[in-house]
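Report on the structure given below.
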Amino acid sequence: MTTVTESELLHDALGLLRDREEVAERLLASSARHSFDPDKELDWDAPFEDGKWFWPPELLSLYDTPLWRKMSEDQRFELARHEAASLGSLGIWFEIILMQLLVRHIYDKPVTSNHVRYALTEIADECRHSMMFARVIKKGGSPTYPVPRLYHNLARVLKTVSTTPGSFAATLLGEEILDWMQRLTFPDDRVQTLMRGVTRIHVVEEARHVRYAREELRRQMVTAPRWERELTRVSCGEAARVFSTCFVNPQVYENVGLDRREAVAQVKASGHRREVMQNGAKRLTDFLDDIGVLNGVSRRLWVSSGLLAR
């Protein structure tokens with residue numbers, strides 16, 4: 001049996017920290033080149049265009065269901081407007097959680113390090129994104145769609161007790177599926193110009209956030225104690241279940257004149273919807289599998305969430 005010496009462990013740890021600083025330095029340089037002020041970048045005074053969607057129809061929860069085929073075109077457009085508001089509301093909730101997790105992460109880190117500087121840069125990005133989402137919801141005339149009170153309060157616990165790898169796993173869950181959808185949205189000329197602009201800004205800046213979270217989670221799954229890695233697997237799987245539950249607020253269906261129970265049942269039974277959600281999560285689940293997060297109970301929870309095929 002080969003015994004790893006203390007000096008070898010120290011050498012490996014220092015290598016990981018150097019790599020952490022180099023990644024952050026590259027992300028800071030990218031932020032300096034490609035960051036946006038949505039208040040100035042987007043034309044908020046332009047009216048919405050007739051006959052354009054607020055979200056690509058194929059990404060709507062009811063697309064290709066029996067209920068969808070009964071809906072009028074106007075009702076489908078309304079569904080897109082309200083689902084976009086629901087996703088924006090979910091995004092704001094996630095980003096507020098993320099900002100608090102990032103602040104906790106850097107609380108005891110060297111304040112002059114590139115790693116901390118980038119975390120603060122990301123927090124500033126997320127502040128702008130949350131304000132951008134809130135502004136587009138308000139301009140669209142839809143209500144906000146908060147997550148259920150149970151999950152809202154459970155997130156208070158998460159923000160207080162989450163481990164570092166658990167925080168970054170939750171970050172990726174909140175970012176990568178929506179990012180996949182937004183990459184399909186911003187080049188789609190069937191979609192409202194303002195929505196395409198919002199998703200373009202978010203995609204460009206979130207690419208850096210995903211890289212930062214992936215690199216840190218990969219490090220943590222190597223260096224964190226075993227109990228922390230095991231807890232991360234469970235918490236990540238449970239977060240996937242909550243995320244899939246909250247993705248579209250069922251109140252959306254009532255607000256466009258549909259029967260809530262029937263709509264929810266058809267979404268759950270929809271093969272198209274299941275395929276969309278699993279395609280959106282695939283890049284993330286492949287990564288989590290590669291670094292050992294989807295082991296044991298975690299995989300079962302991900303499968304039960306509908307985001308991972310059996």
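As shown in the structure tokens, the chain order sets the letters A, B, ...; within each chain, residues go from 1, and ligands are also counted from 1 in the order they appear.
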Inset, instruction - Would you kindly return, as a PyMOL selection string, each protein, DNA or RNA residue with an atom no farther than 9 Å from any atom of Ile92 of chain A, considering only C-alpha atoms and excluding same-chain residues fewer than 4 positions away? - result: chain A and resi 87-88+96-97+126+129-131+133-134
Contact check, segment 141-247 of chain A to segment 114-117 of chain A, at most 12 Å, counting only C-alpha atoms, closest pairs as a Markdown table:
```
| residue | atom | partner | partner_atom | distance |
| --- | --- | --- | --- | --- |
| A:Tyr212 | CA | A:His115 | CA | 9.0 |
| A:Ala213 | CA | A:His115 | CA | 11.2 |
| A:Glu215 | CA | A:His115 | CA | 11.2 |
| A:Glu216 | CA | A:His115 | CA | 9.9 |
```
Pull all heavy atoms from the residues just selected and write them as a PDB file, in the first residue's frame.
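Written file, result14.pdb:
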```
ATOM      1  N   TYR A 212     -16.911  29.145 -12.602  1.00  0.00           N
ATOM      2  CA  TYR A 212     -16.442  29.363 -11.226  1.00  0.00           C
ATOM      3  C   TYR A 212     -16.990  28.281 -10.297  1.00  0.00           C
ATOM      4  O   TYR A 212     -16.246  27.686  -9.506  1.00  0.00           O
ATOM      5  CB  TYR A 212     -16.913  30.746 -10.776  1.00  0.00           C
ATOM      6  CG  TYR A 212     -16.457  31.207  -9.406  1.00  0.00           C
ATOM      7  CD1 TYR A 212     -15.165  31.633  -9.190  1.00  0.00           C
ATOM      8  CD2 TYR A 212     -17.351  31.256  -8.342  1.00  0.00           C
ATOM      9  CE1 TYR A 212     -14.749  32.092  -7.940  1.00  0.00           C
ATOM     10  CE2 TYR A 212     -16.957  31.709  -7.089  1.00  0.00           C
ATOM     11  CZ  TYR A 212     -15.659  32.132  -6.900  1.00  0.00           C
ATOM     12  OH  TYR A 212     -15.262  32.589  -5.656  1.00  0.00           O
ATOM     13  N   ALA A 213     -18.290  27.993 -10.397  1.00  0.00           N
ATOM     14  CA  ALA A 213     -18.921  27.010  -9.519  1.00  0.00           C
ATOM     15  C   ALA A 213     -18.438  25.601  -9.830  1.00  0.00           C
ATOM     16  O   ALA A 213     -18.183  24.800  -8.924  1.00  0.00           O
ATOM     17  CB  ALA A 213     -20.438  27.092  -9.647  1.00  0.00           C
ATOM     18  N   GLU A 215     -15.544  24.649 -11.162  1.00  0.00           N
ATOM     19  CA  GLU A 215     -14.155  24.458 -10.731  1.00  0.00           C
ATOM     20  C   GLU A 215     -14.073  24.314  -9.216  1.00  0.00           C
ATOM     21  O   GLU A 215     -13.321  23.485  -8.701  1.00  0.00           O
ATOM     22  CB  GLU A 215     -13.295  25.638 -11.209  1.00  0.00           C
ATOM     23  CG  GLU A 215     -13.137  25.734 -12.715  1.00  0.00           C
ATOM     24  CD  GLU A 215     -12.316  24.590 -13.289  1.00  0.00           C
ATOM     25  OE1 GLU A 215     -11.504  24.009 -12.554  1.00  0.00           O
ATOM     26  OE2 GLU A 215     -12.503  24.271 -14.485  1.00  0.00           O
ATOM     27  N   GLU A 216     -14.858  25.114  -8.488  1.00  0.00           N
ATOM     28  CA  GLU A 216     -14.803  25.024  -7.028  1.00  0.00           C
ATOM     29  C   GLU A 216     -15.433  23.726  -6.530  1.00  0.00           C
ATOM     30  O   GLU A 216     -14.905  23.088  -5.609  1.00  0.00           O
ATOM     31  CB  GLU A 216     -15.505  26.229  -6.395  1.00  0.00           C
ATOM     32  CG  GLU A 216     -15.313  26.338  -4.895  1.00  0.00           C
ATOM     33  CD  GLU A 216     -13.858  26.457  -4.477  1.00  0.00           C
ATOM     34  OE1 GLU A 216     -13.028  26.980  -5.254  1.00  0.00           O
ATOM     35  OE2 GLU A 216     -13.541  26.014  -3.346  1.00  0.00           O
TER      36      GLU A 216
END
```
Inset, instruction - Extract, using only C-alpha atoms, all DNA, RNA and protein residues at most 6 Å from segment 41-54 of chain A, discarding same-chain residues fewer than 3 positions from it, and format them as a PyMOL selection string. - result: chain A and resi 37-38+80-81+190-192
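In terms of minimum interatomic distance to Val203 of chain A, A:His34 ranks closest within A:His34, A:Arg20, A:Lys159, A:His105, counting only C-alpha atoms.
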Inset, instruction - May I ask which of the residues A:Glu230, A:Glu95, A:Asp188, A:Glu205 is the closest one to Thr171 of chain A, counting only C-alpha atoms? - result: A:Glu95
Inset, instruction - Can you work out which one of A:Ala24, A:Val293, A:Val147, A:Met181 has the shortest atom-to-atom distance to His202 of chain A, counting only C-alpha atoms? - result: A:Met181
Legend entry - Which of A:Arg149, A:Arg76, A:Arg300, A:Arg283 sits closest to Leu178 of chain A [using only C-alpha atoms]: A:Arg283
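Closest approach to Leu102 of chain A among A:Leu90, A:Leu27, A:Ala119, A:Ala170 is made by A:Ala119 (distances from only C-alpha atoms).
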Legend entry - alpha helix (DSSP H) per DSSP on the backbone: members of segment 81-239 of chain A, as a ChimeraX atom specification: /A:81-106,114-140,149-161,164-185,193-223,226-239
